[in-house]
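A.B. asks: So here's protein-v5.pdb, just PDB, C-alpha atoms:
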ATOM      1  CA  MET A   1      33.189   4.428 -12.000
ATOM      2  CA  THR A   2      29.629   4.749 -10.763
ATOM      3  CA  PHE A   3      27.468   7.823 -11.274
ATOM      4  CA  LEU A   4      24.537   8.508  -9.009
ATOM      5  CA  VAL A   5      21.790  10.446 -10.758
ATOM      6  CA  HIS A   6      19.231  12.084  -8.475
ATOM      7  CA  ASP A   7      15.754  12.574  -9.851
ATOM      8  CA  PRO A   8      14.690  16.152  -9.019
ATOM      9  CA  ARG A   9      11.020  15.392  -9.466
ATOM     10  CA  GLY A  10      10.737  14.018  -5.927
ATOM     11  CA  GLY A  11       7.913  11.603  -6.597
ATOM     12  CA  THR A  12       5.221  14.244  -6.913
ATOM     13  CA  VAL A  13       2.424  13.271  -9.250
ATOM     14  CA  ALA A  14       0.438  15.853 -11.173
ATOM     15  CA  VAL A  15      -2.753  13.923 -11.818
ATOM     16  CA  ALA A  16      -5.004  11.900  -9.559
ATOM     17  CA  PRO A  17      -3.686   8.344  -9.408
ATOM     18  CA  PRO A  18      -6.195   5.567 -10.035
ATOM     19  CA  LEU A  19      -7.580   3.716  -7.049
ATOM     20  CA  ALA A  20      -8.235  -0.013  -7.101
ATOM     21  CA  ARG A  21     -11.652  -1.543  -7.471
ATOM     22  CA  ARG A  22     -12.829  -2.985  -4.155
ATOM     23  CA  PRO A  23     -13.745  -6.679  -3.796
ATOM     24  CA  GLY A  24     -17.235  -7.836  -2.887
ATOM     25  CA  SER A  25     -15.995  -9.897   0.041
ATOM     26  CA  LEU A  26     -12.758 -10.884   1.731
ATOM     27  CA  ALA A  27     -13.207 -14.666   1.623
ATOM     28  CA  GLY A  28     -10.480 -16.441  -0.300
ATOM     29  CA  LEU A  29      -8.320 -13.359  -0.838
ATOM     30  CA  THR A  30      -4.617 -13.006  -0.149
ATOM     31  CA  LEU A  31      -3.916 -10.161   2.290
ATOM     32  CA  GLY A  32      -0.585  -8.374   2.029
ATOM     33  CA  VAL A  33       0.537  -6.925   5.363
ATOM     34  CA  LEU A  34       3.172  -4.189   5.121
ATOM     35  CA  ASP A  35       4.867  -3.384   8.445
ATOM     36  CA  ASN A  36       6.882  -0.153   8.359
ATOM     37  CA  GLY A  37       8.979  -1.171  11.352
ATOM     38  CA  LYS A  38       7.760   1.396  13.852
ATOM     39  CA  GLU A  39       7.084   0.368  17.424
ATOM     40  CA  GLN A  40       3.989  -1.823  17.784
ATOM     41  CA  ALA A  41       3.367  -1.899  14.009
ATOM     42  CA  ASP A  42       3.937  -5.649  14.038
ATOM     43  CA  VAL A  43       1.463  -6.096  16.889
ATOM     44  CA  ILE A  44      -1.175  -3.836  15.322
ATOM     45  CA  LEU A  45      -0.986  -5.288  11.841
ATOM     46  CA  GLY A  46      -0.478  -8.842  13.096
ATOM     47  CA  ARG A  47      -3.640  -8.656  15.146
ATOM     48  CA  ALA A  48      -5.597  -7.224  12.236
ATOM     49  CA  ALA A  49      -4.296 -10.008  10.001
ATOM     50  CA  ASP A  50      -5.282 -12.644  12.579
ATOM     51  CA  LEU A  51      -8.821 -11.288  12.766
ATOM     52  CA  LEU A  52      -9.192 -10.977   8.994
ATOM     53  CA  ALA A  53      -7.846 -14.523   8.570
ATOM     54  CA  ARG A  54     -10.919 -15.691  10.478
ATOM     55  CA  GLU A  55     -12.931 -14.226   7.602
ATOM     56  CA  GLY A  56     -11.070 -16.286   5.040
ATOM     57  CA  VAL A  57      -8.061 -14.228   3.965
ATOM     58  CA  THR A  58      -4.540 -15.619   3.799
ATOM     59  CA  PRO A  59      -1.986 -13.121   5.182
ATOM     60  CA  VAL A  60       1.405 -12.550   3.583
ATOM     61  CA  PHE A  61       3.750 -10.458   5.729
ATOM     62  CA  ALA A  62       6.327  -7.938   4.500
ATOM     63  CA  ARG A  63       8.419  -5.359   6.322
ATOM     64  CA  LYS A  64       9.995  -2.083   5.239
ATOM     65  CA  PRO A  65      13.603  -1.421   6.257
ATOM     66  CA  SER A  66      12.758   2.208   7.090
ATOM     67  CA  PHE A  67       9.499   3.967   7.903
ATOM     68  CA  SER A  68      10.874   7.183   6.458
ATOM     69  CA  ARG A  69      11.353   5.739   2.983
ATOM     70  CA  VAL A  70       8.966   4.240   0.490
ATOM     71  CA  ALA A  71       9.003   0.457   0.382
ATOM     72  CA  PRO A  72      11.761  -1.111  -1.736
ATOM     73  CA  ARG A  73      10.776  -2.363  -5.171
ATOM     74  CA  GLU A  74      11.015  -6.033  -4.187
ATOM     75  CA  VAL A  75       8.685  -5.504  -1.225
ATOM     76  CA  LEU A  76       6.103  -3.740  -3.381
ATOM     77  CA  GLU A  77       6.295  -6.488  -5.977
ATOM     78  CA  GLN A  78       5.638  -9.048  -3.246
ATOM     79  CA  LEU A  79       2.548  -7.105  -2.178
ATOM     80  CA  LYS A  80       1.317  -6.620  -5.736
ATOM     81  CA  ALA A  81       1.007 -10.392  -5.913
ATOM     82  CA  CYS A  82      -1.637 -10.176  -3.169
ATOM     83  CA  ASP A  83      -5.311  -9.272  -3.640
ATOM     84  CA  ILE A  84      -5.618  -6.624  -0.909
ATOM     85  CA  VAL A  85      -3.166  -4.879   1.425
ATOM     86  CA  ILE A  86      -3.077  -3.308   4.857
ATOM     87  CA  THR A  87      -0.189  -1.144   5.959
ATOM     88  CA  GLY A  88       0.634   1.239   8.745
ATOM     89  CA  LEU A  89       2.700   2.200  11.699
ATOM     90  CA  GLY A  90       2.609   2.761  15.391
ATOM     91  CA  GLY A  91       4.137   5.694  17.199
TER      92      GLY A  91
ATOM     93  CA  MET B  92       3.164   8.730   7.160
ATOM     94  CA  SER B  93       3.704  10.281   3.739
ATOM     95  CA  CYS B  94       5.867   7.304   2.705
ATOM     96  CA  CYS B  95       3.161   4.943   3.928
ATOM     97  CA  MET B  96       0.636   6.756   1.729
ATOM     98  CA  ARG B  97       2.957   6.712  -1.258
ATOM     99  CA  ASP B  98       3.292   2.936  -0.869
ATOM    100  CA  ALA B  99      -0.497   2.658  -0.682
ATOM    101  CA  VAL B 100      -0.984   4.787  -3.783
ATOM    102  CA  GLU B 101       1.441   2.653  -5.779
ATOM    103  CA  LEU B 102      -0.378  -0.488  -4.687
ATOM    104  CA  GLU B 103      -3.758   1.064  -5.509
ATOM    105  CA  ALA B 104      -2.490   1.988  -8.973
ATOM    106  CA  SER B 105      -1.591  -1.650  -9.545
ATOM    107  CA  GLY B 106      -5.120  -2.706  -8.640
ATOM    108  CA  LYS B 107      -4.642  -3.645  -4.991
ATOM    109  CA  PRO B 108      -7.066  -2.055  -2.522
ATOM    110  CA  THR B 109      -4.902  -0.788   0.340
ATOM    111  CA  THR B 110      -5.994   0.272   3.796
ATOM    112  CA  ILE B 111      -3.733   2.242   6.125
ATOM    113  CA  VAL B 112      -3.911   1.810   9.899
ATOM    114  CA  VAL B 113      -2.141   4.632  11.682
ATOM    115  CA  ASN B 114      -2.108   6.850  14.766
ATOM    116  CA  ASP B 115      -4.375   9.887  14.657
ATOM    117  CA  VAL B 116      -1.494  12.280  15.362
ATOM    118  CA  PHE B 117      -0.739  11.928  11.658
ATOM    119  CA  THR B 118      -4.121  13.227  10.488
ATOM    120  CA  PRO B 119      -2.716  16.588   9.282
ATOM    121  CA  ILE B 120       0.119  14.850   7.431
ATOM    122  CA  ALA B 121      -2.367  12.470   5.815
ATOM    123  CA  HIS B 122      -4.510  15.311   4.487
ATOM    124  CA  ALA B 123      -1.467  17.251   3.322
ATOM    125  CA  THR B 124      -0.054  14.216   1.537
ATOM    126  CA  ALA B 125      -3.409  13.467  -0.061
ATOM    127  CA  ALA B 126      -3.522  17.007  -1.419
ATOM    128  CA  LEU B 127       0.037  16.743  -2.680
ATOM    129  CA  LEU B 128      -0.660  13.447  -4.447
ATOM    130  CA  ALA B 129      -3.902  14.769  -5.962
ATOM    131  CA  LEU B 130      -5.909  12.020  -4.296
ATOM    132  CA  PRO B 131      -9.718  12.238  -4.142
ATOM    133  CA  ALA B 132     -11.079  14.576  -1.485
ATOM    134  CA  ASP B 133     -12.506  11.655   0.516
ATOM    135  CA  TYR B 134      -9.437   9.382   0.188
ATOM    136  CA  VAL B 135      -8.297   9.894   3.776
ATOM    137  CA  GLU B 136     -11.754   9.264   5.247
ATOM    138  CA  ARG B 137     -12.342   6.164   3.138
ATOM    139  CA  ASN B 138      -8.964   4.448   3.326
ATOM    140  CA  ILE B 139      -7.328   5.245   6.643
ATOM    141  CA  VAL B 140      -8.322   3.753   9.983
ATOM    142  CA  TRP B 141      -7.115   5.775  12.955
ATOM    143  CA  LEU B 142      -5.695   4.627  16.271
ATOM    144  CA  PRO B 143      -5.460   6.985  19.254
ATOM    145  CA  HIS B 144      -1.943   8.306  19.701
ATOM    146  CA  PRO B 145       0.350   7.215  21.259
ATOM    147  CA  THR B 146       0.416   3.442  20.924
ATOM    148  CA  SER B 147       4.122   2.840  21.481
ATOM    149  CA  ASN B 148       3.768   3.020  25.256
ATOM    150  CA  LEU B 149       0.765   0.700  25.472
ATOM    151  CA  SER B 150       0.850  -2.922  26.517
ATOM    152  CA  ARG B 151       0.406  -5.595  23.896
ATOM    153  CA  ALA B 152      -3.038  -6.331  25.327
ATOM    154  CA  ALA B 153      -4.086  -2.694  25.079
ATOM    155  CA  VAL B 154      -2.888  -2.373  21.494
ATOM    156  CA  THR B 155      -4.640  -5.602  20.577
ATOM    157  CA  ALA B 156      -7.853  -4.261  22.073
ATOM    158  CA  LEU B 157      -7.594  -1.114  19.954
ATOM    159  CA  VAL B 158      -7.347  -3.233  16.825
ATOM    160  CA  ASP B 159     -10.222  -5.449  17.940
ATOM    161  CA  GLU B 160     -12.422  -2.369  18.301
ATOM    162  CA  ARG B 161     -11.539  -1.222  14.784
ATOM    163  CA  ILE B 162     -11.476  -4.439  12.798
ATOM    164  CA  GLY B 163     -14.908  -3.641  11.382
ATOM    165  CA  LEU B 164     -13.581  -0.321  10.082
ATOM    166  CA  ILE B 165     -10.548  -2.039   8.547
ATOM    167  CA  ARG B 166     -12.797  -4.586   6.843
ATOM    168  CA  ASP B 167     -15.116  -1.859   5.577
ATOM    169  CA  ALA B 168     -12.180   0.146   4.217
ATOM    170  CA  LEU B 169     -10.842  -2.874   2.316
ATOM    171  CA  LEU B 170     -14.286  -3.434   0.833
ATOM    172  CA  GLY B 171     -14.800   0.237  -0.011
ATOM    173  CA  ARG B 172     -17.629   0.604   2.480
ATOM    174  CA  LEU B 173     -16.021   3.015   4.920
ATOM    175  CA  ALA B 174     -18.257   6.049   4.777
ATOM    176  CA  PRO B 175     -16.678   9.443   5.333
ATOM    177  CA  ALA B 176     -17.718  11.007   8.598
ATOM    178  CA  ALA B 177     -19.613  14.212   8.429
ATOM    179  CA  THR B 178     -17.031  16.937   8.719
ATOM    180  CA  ALA B 179     -17.529  20.330  10.152
ATOM    181  CA  ALA B 180     -17.643  23.109   7.653
ATOM    182  CA  THR B 181     -14.382  24.948   7.443
ATOM    183  CA  SER B 182     -14.474  28.478   8.567
ATOM    184  CA  GLY B 183     -14.542  31.064   5.903
ATOM    185  CA  ALA B 184     -11.554  32.685   7.569
ATOM    186  CA  GLY B 185     -11.982  35.540   5.163
ATOM    187  CA  GLY B 186      -8.851  37.293   6.362
ATOM    188  CA  ASP B 187      -5.715  37.921   4.392
ATOM    189  CA  ALA B 188      -3.915  35.227   2.456
ATOM    190  CA  LEU B 189      -1.132  34.825   4.999
ATOM    191  CA  ALA B 190      -3.571  34.285   7.848
ATOM    192  CA  LEU B 191      -5.525  31.819   5.735
ATOM    193  CA  ALA B 192      -2.344  29.954   4.825
ATOM    194  CA  ARG B 193      -1.279  29.811   8.467
ATOM    195  CA  ASP B 194      -4.673  28.490   9.439
ATOM    196  CA  THR B 195      -4.536  25.872   6.685
ATOM    197  CA  VAL B 196      -1.161  24.478   7.743
ATOM    198  CA  ALA B 197      -1.798  24.665  11.493
ATOM    199  CA  GLY B 198      -2.330  20.920  11.785
ATOM    200  CA  LEU B 199       0.733  20.158   9.704
ATOM    201  CA  ALA B 200       2.770  22.565  11.817
ATOM    202  CA  GLY B 201       1.610  20.754  14.935
ATOM    203  CA  SER B 202       2.817  17.426  13.551
ATOM    204  CA  LEU B 203       6.192  18.913  12.676
ATOM    205  CA  ARG B 204       6.449  20.483  16.121
ATOM    206  CA  ALA B 205       5.914  17.066  17.699
ATOM    207  CA  ASP B 206       9.043  15.889  15.861
ATOM    208  CA  GLY B 207      11.086  18.928  16.849
ATOM    209  CA  ALA B 208      10.716  21.399  13.982
ATOM    210  CA  GLU B 209       8.831  24.660  13.795
ATOM    211  CA  LEU B 210       7.072  25.712  10.598
ATOM    212  CA  VAL B 211       6.680  29.479  10.426
ATOM    213  CA  LEU B 212       4.985  31.246   7.531
ATOM    214  CA  LEU B 213       6.368  34.763   7.393
ATOM    215  CA  ASP B 214       5.064  36.582   4.361
ATOM    216  CA  PHE B 215       2.790  36.420   1.341
ATOM    217  CA  GLY B 216       3.362  38.712  -1.596
ATOM    218  CA  ASP B 217       3.218  38.580  -5.382
ATOM    219  CA  GLY B 218       1.920  35.021  -5.200
ATOM    220  CA  VAL B 219       4.844  33.800  -3.122
ATOM    221  CA  LEU B 220       4.335  32.357   0.331
ATOM    222  CA  ALA B 221       7.602  32.531   2.259
ATOM    223  CA  GLY B 222       8.471  30.792   5.467
ATOM    224  CA  GLU B 223      11.034  29.006   7.548
ATOM    225  CA  LEU B 224      11.427  25.459   8.719
ATOM    226  CA  ARG B 225      13.290  25.862  11.973
ATOM    227  CA  ILE B 226      15.020  22.648  12.946
ATOM    228  CA  GLY B 227      15.263  22.166  16.709
ATOM    229  CA  ASP B 228      15.968  19.062  18.750
ATOM    230  CA  LEU B 229      14.543  16.400  16.486
ATOM    231  CA  THR B 230      13.078  13.175  17.759
ATOM    232  CA  CYS B 231      15.144  11.192  15.260
ATOM    233  CA  ASP B 232      18.940  10.974  15.089
ATOM    234  CA  ASP B 233      19.288  11.179  11.319
ATOM    235  CA  GLY B 234      16.817  13.992  10.638
ATOM    236  CA  SER B 235      14.593  11.775   8.518
ATOM    237  CA  CYS B 236      11.507  12.357  10.684
ATOM    238  CA  ILE B 237      11.184  15.831   9.114
ATOM    239  CA  MET B 238      10.819  15.897   5.365
ATOM    240  CA  PRO B 239      13.158  18.114   3.360
ATOM    241  CA  ALA B 240      12.126  21.761   3.099
ATOM    242  CA  ASP B 241      11.608  21.575  -0.668
ATOM    243  CA  SER B 242       9.259  18.604  -0.358
ATOM    244  CA  LEU B 243       7.441  20.290   2.487
ATOM    245  CA  ALA B 244       7.034  23.410   0.373
ATOM    246  CA  LYS B 245       5.317  21.359  -2.336
ATOM    247  CA  MET B 246       3.009  19.861   0.263
ATOM    248  CA  ILE B 247       2.114  23.290   1.658
ATOM    249  CA  GLU B 248       1.492  24.549  -1.862
ATOM    250  CA  ALA B 249      -0.955  21.704  -2.509
ATOM    251  CA  LEU B 250      -2.738  22.385   0.767
ATOM    252  CA  VAL B 251      -2.956  26.157   0.494
ATOM    253  CA  ARG B 252      -3.602  26.744  -3.200
ATOM    254  CA  PRO B 253      -7.260  25.601  -3.116
ATOM    255  CA  LYS B 254      -7.878  28.283  -0.491
ATOM    256  CA  VAL B 255      -5.525  30.913  -1.875
ATOM    257  CA  PRO B 256      -5.778  30.718  -5.674
ATOM    258  CA  ALA B 257      -3.288  33.561  -6.065
ATOM    259  CA  LEU B 258      -0.569  31.338  -4.638
ATOM    260  CA  ARG B 259       2.131  30.658  -7.217
ATOM    261  CA  GLU B 260       4.944  29.287  -5.119
ATOM    262  CA  VAL B 261       5.972  28.358  -1.591
ATOM    263  CA  ARG B 262       9.536  29.174  -0.576
ATOM    264  CA  LEU B 263      10.696  27.513   2.598
ATOM    265  CA  ARG B 264      14.111  28.151   4.093
ATOM    266  CA  GLU B 265      15.567  25.653   6.530
ATOM    267  CA  THR B 266      17.225  27.169   9.589
ATOM    268  CA  GLY B 267      18.378  26.063  13.013
ATOM    269  CA  ASN B 268      20.221  22.877  13.873
ATOM    270  CA  ALA B 269      21.928  20.829  11.205
ATOM    271  CA  ARG B 270      20.239  17.521  10.506
ATOM    272  CA  GLY B 271      21.869  14.236  11.395
TER     273      GLY B 271
END
Please lay out the structure from this file as structure tokens.
C.D. replies:
Amino acid sequence: MTFLVHDPRGGTVAVAPPLARRPGSLAGLTLGVLDNGKEQADVILGRAADLLAREGVTPVFARKPSFSRVAPREVLEQLKACDIVITGLGG
Amino acid sequence: MSCCMRDAVELEASGKPTTIVVNDVFTPIAHATAALLALPADYVERNIVWLPHPTSNLSRAAVTALVDERIGLIRDALLGRLAPAATAATSGAGGDALALARDTVAGLAGSLRADGAELVLLDFGDGVLAGELRIGDLTCDDGSCIMPADSLAKMIEALVRPKVPALREVRLRETGNARG
């Protein structure tokens, strides 16, 4: 038998989360690209990745199965292996 | 949009600078989510690059051109050099708490309306802000384009409390069409 336990906290955080320290330049960095699957997101983020690649970043692409959910753990772990990330959606 | 920001916050917390590129129709949601997540006041201005809405009906060439025009902003955001734009001072409003709350969530209500739901704040008394989330003809089949009323209430609370310190709780009742 399987029990599903729903966390009533809903992901709300009570304190300001830490923000990452920014790099001095983009050259040589790995760029995670998180596509949420909305229309044109792949075009928008793909173009941005192409342009940033000209400045020396290496893009790594990932896609969320649903724009209305947070990214699955395995997708976030893939992006955490990168140096910087861009994400977004169309609409 | 709120899920996109939650992803970004998790990545930031793990030391990965994260820039969001998104349509400007989501500006109210971005500010509301930032308030809910207790992000710095200038988080939205420093980490989100806006595209004019809509983009879904544009040609590939037109969308590409929009990105080309903003690549400098995306680069600056990744490097922490995106300066917040000067923002207009918010009006003092001065009126009663309910009017102030309505004014504060006006942008958020507009975003919800675009997806087929109407946010109506009805009453403020004894620290409780009461309202309804009236579900109409949603733009999504499964109802997921409108966040649950309890989550929305938390977001409204985070947005309104700085302006209405007496606010203790937001109670939002969902009415109208069934979701999904």
A.B. asks: Convert the output of the PyMOL selection byres ((chain B and resi 222-224) around 8) on the shown file into explicit residues, formatted as number ranges by chain.
C.D. replies: B: 208-214, 220-221, 225-226, 240, 261-266
A.B. asks: Taking only residues of chain B that have an atom at most 6 Å from an atom of chain A, what is each one's shortest atom pair and its distance in Å to one decimal, using only C-alpha atoms, in chain and number order, as JSON lines?
C.D. replies:
{"residue": "B:Cys94", "atom": "CA", "partner": "A:Val70", "partner_atom": "CA", "distance": 4.9}
{"residue": "B:Asp98", "atom": "CA", "partner": "A:Val70", "partner_atom": "CA", "distance": 6.0}
{"residue": "B:Glu103", "atom": "CA", "partner": "A:Ala20", "partner_atom": "CA", "distance": 4.9}
{"residue": "B:Ala104", "atom": "CA", "partner": "A:Pro18", "partner_atom": "CA", "distance": 5.3}
{"residue": "B:Gly106", "atom": "CA", "partner": "A:Ala20", "partner_atom": "CA", "distance": 4.4}
{"residue": "B:Lys107", "atom": "CA", "partner": "A:Ile84", "partner_atom": "CA", "distance": 5.1}
{"residue": "B:Pro108", "atom": "CA", "partner": "A:Ile84", "partner_atom": "CA", "distance": 5.1}
{"residue": "B:Thr109", "atom": "CA", "partner": "A:Val85", "partner_atom": "CA", "distance": 4.6}
{"residue": "B:Thr110", "atom": "CA", "partner": "A:Ile86", "partner_atom": "CA", "distance": 4.7}
{"residue": "B:Ile111", "atom": "CA", "partner": "A:Thr87", "partner_atom": "CA", "distance": 4.9}
{"residue": "B:Val112", "atom": "CA", "partner": "A:Gly88", "partner_atom": "CA", "distance": 4.7}
{"residue": "B:Val113", "atom": "CA", "partner": "A:Gly88", "partner_atom": "CA", "distance": 5.3}
{"residue": "B:Leu128", "atom": "CA", "partner": "A:Val13", "partner_atom": "CA", "distance": 5.7}
{"residue": "B:Ala129", "atom": "CA", "partner": "A:Ala16", "partner_atom": "CA", "distance": 4.7}
{"residue": "B:Leu130", "atom": "CA", "partner": "A:Ala16", "partner_atom": "CA", "distance": 5.3}
{"residue": "B:Pro145", "atom": "CA", "partner": "A:Gly91", "partner_atom": "CA", "distance": 5.8}
{"residue": "B:Thr146", "atom": "CA", "partner": "A:Gly91", "partner_atom": "CA", "distance": 5.7}
{"residue": "B:Ser147", "atom": "CA", "partner": "A:Gly91", "partner_atom": "CA", "distance": 5.1}
{"residue": "B:Leu170", "atom": "CA", "partner": "A:Arg22", "partner_atom": "CA", "distance": 5.2}
{"residue": "B:Gly171", "atom": "CA", "partner": "A:Arg22", "partner_atom": "CA", "distance": 5.6}
A.B. asks: Just to be explicit: take each residue in the selection above, keep C-alpha atoms, and write the result as a tab-separated table (two decimals), in the coordinates of the input.
C.D. replies:
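Done, and the output landed in again.tsv:
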chain	number	residue	atom	x	y	z
B	94	CYS	CA	5.87	7.30	2.70
B	98	ASP	CA	3.29	2.94	-0.87
B	103	GLU	CA	-3.76	1.06	-5.51
B	104	ALA	CA	-2.49	1.99	-8.97
B	106	GLY	CA	-5.12	-2.71	-8.64
B	107	LYS	CA	-4.64	-3.64	-4.99
B	108	PRO	CA	-7.07	-2.06	-2.52
B	109	THR	CA	-4.90	-0.79	0.34
B	110	THR	CA	-5.99	0.27	3.80
B	111	ILE	CA	-3.73	2.24	6.12
B	112	VAL	CA	-3.91	1.81	9.90
B	113	VAL	CA	-2.14	4.63	11.68
B	128	LEU	CA	-0.66	13.45	-4.45
B	129	ALA	CA	-3.90	14.77	-5.96
B	130	LEU	CA	-5.91	12.02	-4.30
B	145	PRO	CA	0.35	7.22	21.26
B	146	THR	CA	0.42	3.44	20.92
B	147	SER	CA	4.12	2.84	21.48
B	170	LEU	CA	-14.29	-3.43	0.83
B	171	GLY	CA	-14.80	0.24	-0.01
A.B. asks: Rounded to one decimal in Å, what is the spacing between atom CA of Val60 of chain A and atom CA of Asp42 of chain A?
C.D. replies: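 One can read the atom CA of Val60 of chain A to atom CA of Asp42 of chain A distance as 12.8 Å.
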A.B. asks: When you look at segment 202-205 of chain B with a cut-off of 7 Å (counting all atoms listed in the file), what residues show up, excluding the ones that are within fewer than 6 positions of it in the same chain? I need them as a PyMOL selection string.
C.D. replies: chain B and resi 116-117+237
A.B. asks: Extract, using all atoms listed in the file, all DNA, RNA and protein residues at most 9 Å from Thr230 of chain B, discarding same-chain residues fewer than 4 positions from it, and format them as a ChimeraX atom specification.
C.D. replies: /B:205-207,234,236
A.B. asks: I'd like to know which of B:Met238, B:Ala156, B:Val219, B:Leu229 is closest to Ala192 of chain B, using all atoms listed in the file.
C.D. replies: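 Checking each candidate against Ala192 of chain B, we get B:Val219 as the closest.
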A.B. asks: Contacts of Met246 of chain B at 9 Å or less, counting only C-alpha atoms, minus same-chain residues fewer than 6 places along, as number ranges by chain?
C.D. replies: B: 123-124, 126-128
A.B. asks: For the structure provided, state which residues fall under the PyMOL selection byres ((chain B and resi 257) around 9), and present them as a list in words.
C.D. replies: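 On this input, the PyMOL selection byres ((chain B and resi 257) around 9) captures Ala188, Asp217, Gly218, Val219, Arg252, Lys254, Val255, Pro256, Leu258 and Arg259 of chain B.
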A.B. asks: Record the distance separating atom CA of Ser235 of chain B and atom CA of Leu142 of chain B, expressed in Å with one decimal.
C.D. replies: 22.9 Å
A.B. asks: In Å, with one decimal, what is the gap from atom CA of Pro59 of chain A to atom CA of Ala99 of chain B?
C.D. replies: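 Distance reported for this atom pair: 16.9 Å.
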A.B. asks: Can you tell me, as a ChimeraX atom specification, what residues are no more than 8 Å from Thr58 of chain A when counting only C-alpha atoms, ignoring any on the same chain fewer than 3 positions away?
C.D. replies: /A:28-31,53
A.B. asks: Could you give me the centre and size, in Å to one decimal, of an axis-aligned box around all listed atoms of segment 45-50 of chain A with 5 Å added on every side, as lines of an AutoDock Vina configuration file?
C.D. replies:
center_x = -3.0
center_y = -9.0
center_z = 12.6
size_x = 15.1
size_y = 17.4
size_z = 15.1
A.B. asks: Select, from A:Ala27, A:Pro65, A:Val75, A:Arg54, the residue with the minimum atom-to-atom distance to Ile162 of chain B, counting only C-alpha atoms.
C.D. replies: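 Of the candidates, the smallest distance to Ile162 of chain B is held by A:Arg54.
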A.B. asks: Please export segment 212-228 of chain B as a short mmCIF file (atom, residue, chain, number, x, y, z; two decimals), in the first residue's frame, restricted to C-alpha atoms.
C.D. replies:
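Done, and the output landed in out.cif:
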data_model
loop_
_atom_site.label_atom_id
_atom_site.label_comp_id
_atom_site.auth_asym_id
_atom_site.auth_seq_id
_atom_site.Cartn_x
_atom_site.Cartn_y
_atom_site.Cartn_z
CA LEU B 212 -11.63 41.89 -2.47
CA LEU B 213 -14.86 42.36 -0.57
CA ASP B 214 -14.17 43.39 2.99
CA PHE B 215 -11.52 44.30 5.53
CA GLY B 216 -12.25 44.03 9.22
CA ASP B 217 -10.49 42.95 12.40
CA GLY B 218 -7.29 42.40 10.44
CA VAL B 219 -8.92 40.02 7.98
CA LEU B 220 -9.05 40.80 4.28
CA ALA B 221 -11.80 38.75 2.66
CA GLY B 222 -12.38 38.17 -1.00
CA GLU B 223 -13.41 35.82 -3.74
CA LEU B 224 -11.58 34.17 -6.58
CA ARG B 225 -14.27 33.79 -9.19
CA ILE B 226 -13.34 31.13 -11.71
CA GLY B 227 -14.70 31.83 -15.19
CA ASP B 228 -13.73 30.40 -18.55
#
